[in-house]
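Chemist: The structure file target06.tsv (TSV, C-alpha atoms) is provided below.
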```
chain	number	residue	atom	x	y	z
A	2	MET	CA	0.00	0.00	0.00
A	3	LYS	CA	1.60	3.26	-1.09
A	4	LEU	CA	2.24	5.98	1.45
A	5	MET	CA	1.57	9.46	0.10
A	6	ASP	CA	3.66	12.32	1.46
A	7	ARG	CA	0.94	14.94	1.47
A	8	ARG	CA	-1.49	15.99	4.13
A	9	GLY	CA	-5.14	15.87	3.28
A	10	ALA	CA	-8.69	15.11	4.18
A	11	LEU	CA	-10.06	11.73	3.19
A	12	ARG	CA	-12.95	10.28	1.29
A	13	LEU	CA	-12.99	6.63	2.24
A	14	GLY	CA	-14.80	3.86	0.42
A	15	LEU	CA	-16.43	1.21	2.60
A	16	ALA	CA	-17.27	-2.15	1.08
A	17	SER	CA	-19.57	-3.54	3.76
A	18	PHE	CA	-21.32	-0.43	5.01
A	19	GLY	CA	-21.71	1.67	1.87
A	20	ALA	CA	-19.92	4.94	1.12
A	21	LEU	CA	-18.37	6.71	4.08
A	22	SER	CA	-17.33	10.34	3.76
A	23	LEU	CA	-14.42	11.38	5.97
A	24	GLY	CA	-13.31	14.98	5.69
A	25	ALA	CA	-14.46	15.14	2.11
A	26	ARG	CA	-14.55	18.92	1.83
A	27	ALA	CA	-13.12	21.95	3.59
A	28	GLY	CA	-14.43	22.19	7.13
A	29	PHE	CA	-15.01	18.42	7.21
A	30	GLY	CA	-18.02	17.29	5.24
A	31	HIS	CA	-19.94	14.13	6.05
A	32	ASP	CA	-22.75	13.58	3.62
A	33	ASN	CA	-22.78	9.92	4.68
A	34	PRO	CA	-22.22	9.74	8.45
A	35	MET	CA	-20.39	6.78	9.92
A	36	PRO	CA	-22.70	3.95	11.01
A	37	PRO	CA	-22.58	3.29	14.78
A	38	GLU	CA	-21.60	-0.34	14.25
A	39	LEU	CA	-18.57	0.71	12.23
A	40	ARG	CA	-17.58	3.27	14.86
A	41	ASP	CA	-17.65	0.51	17.47
A	42	GLU	CA	-15.41	-1.66	15.30
A	43	ILE	CA	-12.85	1.16	14.97
A	44	GLU	CA	-12.95	2.49	18.53
A	45	ARG	CA	-13.97	-0.34	20.87
A	46	GLN	CA	-12.00	-3.47	20.11
A	47	PRO	CA	-11.08	-4.87	23.57
A	48	PHE	CA	-7.34	-5.28	22.91
A	49	ALA	CA	-6.71	-1.98	21.11
A	50	PRO	CA	-4.28	0.29	23.04
A	51	VAL	CA	-6.10	3.22	24.67
A	52	LEU	CA	-4.32	6.43	25.71
A	53	GLY	CA	-5.54	9.68	27.16
A	54	ASN	CA	-8.79	9.45	29.11
A	55	PRO	CA	-10.31	5.92	28.81
A	56	ALA	CA	-13.70	7.44	29.70
A	57	GLY	CA	-13.29	10.45	27.41
A	58	ASP	CA	-16.23	12.02	25.62
A	59	ILE	CA	-14.76	11.61	22.11
A	60	THR	CA	-12.36	9.13	20.54
A	61	LEU	CA	-9.55	9.82	18.09
A	62	THR	CA	-8.20	6.71	16.35
A	63	GLU	CA	-4.80	6.56	14.67
A	64	PHE	CA	-3.88	3.84	12.17
A	65	PHE	CA	-0.07	3.67	12.04
A	66	ASP	CA	3.01	1.66	11.13
A	67	TYR	CA	6.35	1.71	12.96
A	68	ASN	CA	8.23	2.12	9.67
A	69	CYS	CA	6.16	5.10	8.54
A	70	PRO	CA	8.19	8.34	8.87
A	71	HIS	CA	5.09	10.50	9.32
A	72	CYS	CA	3.89	8.20	12.11
A	73	ARG	CA	7.17	8.76	13.92
A	74	THR	CA	6.84	12.52	13.75
A	75	ALA	CA	3.22	12.24	14.96
A	76	VAL	CA	4.30	10.97	18.40
A	77	PRO	CA	5.12	14.38	19.98
A	78	VAL	CA	2.04	15.91	18.35
A	79	MET	CA	-0.18	13.23	19.85
A	80	LYS	CA	1.43	13.72	23.27
A	81	ARG	CA	0.66	17.45	23.11
A	82	LEU	CA	-2.90	16.79	21.96
A	83	ILE	CA	-3.55	14.37	24.82
A	84	ALA	CA	-2.01	16.74	27.37
A	85	ALA	CA	-4.14	19.63	26.12
A	86	ASP	CA	-7.46	17.73	26.07
A	87	PRO	CA	-8.26	15.83	29.29
A	88	LYS	CA	-11.55	14.56	27.83
A	89	LEU	CA	-9.95	12.95	24.78
A	90	ARG	CA	-9.78	9.17	24.39
A	91	VAL	CA	-7.15	7.97	21.90
A	92	VAL	CA	-7.11	4.53	20.29
A	93	PHE	CA	-4.06	3.19	18.48
A	94	ARG	CA	-4.76	0.80	15.62
A	95	GLU	CA	-1.51	-0.92	14.71
A	96	TRP	CA	-1.60	-1.42	10.95
A	97	PRO	CA	1.70	-2.94	9.73
A	98	ILE	CA	1.63	-2.30	5.98
A	99	PHE	CA	5.38	-1.80	5.40
A	100	GLY	CA	6.43	-5.44	5.42
A	101	GLU	CA	7.75	-8.12	7.75
A	102	GLY	CA	9.70	-5.73	9.98
A	103	SER	CA	6.56	-3.73	10.66
A	104	TYR	CA	4.60	-6.88	11.42
A	105	PHE	CA	7.22	-8.04	13.92
A	106	ALA	CA	7.24	-4.59	15.55
A	107	THR	CA	3.45	-4.67	15.83
A	108	GLN	CA	3.46	-8.10	17.46
A	109	ALA	CA	6.09	-7.02	19.99
A	110	SER	CA	4.41	-3.71	20.74
A	111	LEU	CA	0.96	-5.20	21.31
A	112	ALA	CA	2.50	-7.91	23.47
A	113	THR	CA	3.79	-5.22	25.86
A	114	LEU	CA	0.17	-4.48	26.79
A	115	LYS	CA	0.29	-7.66	28.85
A	116	GLN	CA	3.23	-6.21	30.80
A	117	GLY	CA	1.71	-2.72	31.18
A	118	ARG	CA	4.53	-1.09	29.20
A	119	TYR	CA	2.87	-0.18	25.90
A	120	TRP	CA	3.36	3.59	25.75
A	121	GLU	CA	6.99	3.43	26.89
A	122	PHE	CA	7.76	0.77	24.30
A	123	HIS	CA	5.78	2.55	21.57
A	124	GLU	CA	7.78	5.75	22.03
A	125	ALA	CA	11.07	3.85	22.02
A	126	LEU	CA	10.20	2.02	18.80
A	127	MET	CA	9.27	5.28	17.12
A	128	GLN	CA	12.74	6.62	17.95
A	129	ILE	CA	14.61	3.79	16.19
A	130	ARG	CA	17.13	5.05	13.67
A	131	GLY	CA	16.57	3.12	10.49
A	132	LYS	CA	14.12	0.32	9.95
A	133	ALA	CA	12.07	-1.35	12.66
A	134	GLU	CA	12.78	-5.06	12.21
A	135	GLU	CA	13.43	-8.04	14.44
A	136	THR	CA	16.99	-7.06	15.44
A	137	SER	CA	16.23	-3.43	16.22
A	138	VAL	CA	12.92	-4.23	17.92
A	139	MET	CA	14.47	-6.82	20.21
A	140	ALA	CA	17.21	-4.34	21.11
A	141	VAL	CA	14.46	-2.01	22.34
A	142	VAL	CA	12.87	-4.89	24.27
A	143	ARG	CA	16.12	-5.45	26.14
A	144	LYS	CA	16.78	-1.72	26.62
A	145	THR	CA	13.37	-1.18	28.22
A	146	GLY	CA	13.79	-4.15	30.56
A	147	LEU	CA	10.81	-6.17	29.38
A	148	ASP	CA	10.41	-9.85	30.17
A	149	GLU	CA	11.68	-11.16	26.84
A	150	ALA	CA	10.51	-14.74	27.24
A	151	ARG	CA	7.01	-13.63	28.17
A	152	LEU	CA	6.94	-11.12	25.33
A	153	LYS	CA	7.79	-13.78	22.76
A	154	ARG	CA	4.97	-15.98	24.06
A	155	ASP	CA	2.50	-13.10	24.09
A	156	MET	CA	3.43	-12.07	20.54
A	157	GLU	CA	1.63	-15.21	19.36
A	158	SER	CA	-1.43	-14.72	21.56
A	159	ALA	CA	-4.94	-14.60	20.14
A	160	GLU	CA	-5.35	-10.99	21.28
A	161	VAL	CA	-2.24	-9.78	19.44
A	162	LEU	CA	-2.96	-11.66	16.23
A	163	GLY	CA	-6.61	-10.66	16.42
A	164	HIS	CA	-5.73	-6.96	16.58
A	165	PHE	CA	-3.56	-7.33	13.49
A	166	ASP	CA	-6.29	-9.14	11.54
A	167	HIS	CA	-8.94	-6.65	12.64
A	168	SER	CA	-6.85	-3.66	11.57
A	169	MET	CA	-6.23	-5.21	8.17
A	170	GLN	CA	-9.95	-5.83	7.70
A	171	LEU	CA	-10.80	-2.27	8.71
A	172	GLY	CA	-8.14	-0.84	6.40
A	173	ASP	CA	-9.57	-2.81	3.49
A	174	HIS	CA	-13.19	-1.91	4.28
A	175	LEU	CA	-12.39	1.77	4.68
A	176	GLY	CA	-10.12	1.93	1.65
A	177	LEU	CA	-7.42	3.68	3.68
A	178	ALA	CA	-4.69	5.30	1.60
A	179	GLY	CA	-1.84	4.70	4.04
A	180	THR	CA	-0.42	5.75	7.37
A	181	PRO	CA	-0.94	7.67	9.49
A	182	THR	CA	-4.69	7.93	9.23
A	183	PHE	CA	-6.60	9.75	11.97
A	184	ILE	CA	-10.35	9.23	12.42
A	185	ALA	CA	-12.72	11.01	14.81
A	186	GLY	CA	-16.47	11.32	14.51
A	187	HIS	CA	-17.49	11.15	10.83
A	188	ASP	CA	-14.22	12.57	9.55
A	189	GLY	CA	-10.60	11.66	9.02
A	190	LEU	CA	-7.21	13.00	8.00
A	191	PHE	CA	-4.38	11.23	6.20
A	192	GLY	CA	-0.66	11.94	6.39
A	193	GLY	CA	1.45	14.08	8.68
A	194	GLN	CA	-0.71	16.48	10.71
A	195	ASP	CA	0.06	19.38	13.00
A	196	LEU	CA	-1.56	20.01	16.38
A	197	ALA	CA	-4.04	22.53	14.98
A	198	SER	CA	-5.35	20.08	12.37
A	199	LEU	CA	-5.90	17.27	14.87
A	200	THR	CA	-7.46	19.66	17.37
A	201	ALA	CA	-9.89	20.79	14.68
A	202	LEU	CA	-10.71	17.17	13.78
A	203	VAL	CA	-11.55	16.38	17.41
A	204	ALA	CA	-13.56	19.59	17.82
A	205	GLN	CA	-15.67	18.76	14.76
A	206	ALA	CA	-16.31	15.26	16.14
A	207	ARG	CA	-17.60	16.77	19.37
A	208	ARG	CA	-19.94	19.08	17.47
A	209	ASP	CA	-21.28	16.16	15.44
A	210	LEU	CA	-21.64	13.53	18.17
A	211	LEU	CA	-22.24	15.27	21.50
```
Rewrite the coordinates I just gave you, this time as structure tokens.
Modeler:
Amino acid sequence: MKLMDRRGALRLGLASFGALSLGARAGFGHDNPMPPELRDEIERQPFAPVLGNPAGDITLTEFFDYNCPHCRTAVPVMKRLIAADPKLRVVFREWPIFGEGSYFATQASLATLKQGRYWEFHEALMQIRGKAEETSVMAVVRKTGLDEARLKRDMESAEVLGHFDHSMQLGDHLGLAGTPTFIAGHDGLFGGQDLASLTALVAQARRDLL
């Protein structure tokens, strides 16, 4: 799946639920609002990593890959967004579309949820110089002091593999263009985003849903 290097609003095609408009025009248009059942699939999978306020009034979902350069630069922006909005719930959808190294990184990262170290590990992986692959990922595992034997077992757990499969299905259904993709409410943004753009996306979701 090709990663574009531009920022932009999205119009996403959805095979199972009909056409879904995400940020289709300036100011975020949504001629075809997101069905509630699809929103639940994106935002409420039990094993998806949740940051910010777990009981927040609105959810922002990011689809990302550890080998995506724009996803790496999104980390400090997301931290600032979460710090500035105490009512925001953030869901990370790991979507490894850049090959085997990305898939290994996703397995390892999701496995850290079982050790309560996800955010720490996520940040460390995003700071890798060069490609995230088995060697570099395992170096981060050892650097962060994780239980390596447990991690390797958990990487093959049903929860980890299920998250991967679910993200792939959602990406296909939504017709996502690449990573990062940010979705909130009926709208979405693709590519590198600044704090103002993500803040506006969340604000529009609150106007639409609350």
Chemist: Counting all atoms listed in the file, which residue out of A:Ala56, A:Ala125, A:Ala84, A:Ala112 sits closest to Glu149 of chain A?
Modeler: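 Going through A:Ala56, A:Ala125, A:Ala84, A:Ala112 one by one, the smallest distance to Glu149 of chain A is for A:Ala112.
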Chemist: Using Å and a single decimal, report how far atom CA of Pro77 of chain A sits from atom CA of Gly176 of chain A.
Modeler: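 Pair atom CA of Gly176 of chain A / atom CA of Pro77 of chain A returns 26.9 Å.
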Chemist: May I have the residues within 9 Å of Ala109 of chain A as a ChimeraX atom specification, using only C-alpha atoms and disregarding those fewer than 3 positions away in the same chain?
Modeler: /A:104-106,112-113,138-139,142,152-153,155-156,161
Chemist: Please produce a file of those selected residues containing C-alpha atoms, as an mmCIF file, in the frame of the given file.
Modeler:
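The resulting selection-v9.cif:
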```
data_model
loop_
_atom_site.group_PDB
_atom_site.id
_atom_site.type_symbol
_atom_site.label_atom_id
_atom_site.label_comp_id
_atom_site.auth_asym_id
_atom_site.auth_seq_id
_atom_site.Cartn_x
_atom_site.Cartn_y
_atom_site.Cartn_z
ATOM 1 C CA TYR A 104 4.600 -6.880 11.420
ATOM 2 C CA PHE A 105 7.220 -8.040 13.920
ATOM 3 C CA ALA A 106 7.240 -4.590 15.550
ATOM 4 C CA ALA A 112 2.500 -7.910 23.470
ATOM 5 C CA THR A 113 3.790 -5.220 25.860
ATOM 6 C CA VAL A 138 12.920 -4.230 17.920
ATOM 7 C CA MET A 139 14.470 -6.820 20.210
ATOM 8 C CA VAL A 142 12.870 -4.890 24.270
ATOM 9 C CA LEU A 152 6.940 -11.120 25.330
ATOM 10 C CA LYS A 153 7.790 -13.780 22.760
ATOM 11 C CA ASP A 155 2.500 -13.100 24.090
ATOM 12 C CA MET A 156 3.430 -12.070 20.540
ATOM 13 C CA VAL A 161 -2.240 -9.780 19.440
#
```
Chemist: Please provide as a PyMOL selection string all residues within 7 Å of Ser168 of chain A, with the sequence filter that same-chain residues fewer than 5 positions apart are discarded (counting only C-alpha atoms).
Modeler: chain A and resi 94-96
Chemist: Would you please work out which residue, of A:Asp86, A:Glu38, A:Glu101, A:Glu63, is nearest to Lys132 of chain A when using only C-alpha atoms?
Modeler: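 Among the listed residues, A:Glu101 lies closest to Lys132 of chain A.
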Chemist: Using atom CA of Ile59 of chain A and atom CA of Met35 of chain A as the two end points, give the distance in Å to one decimal.
Modeler: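 About the pair atom CA of Ile59 of chain A and atom CA of Met35 of chain A: they are 14.3 Å apart.
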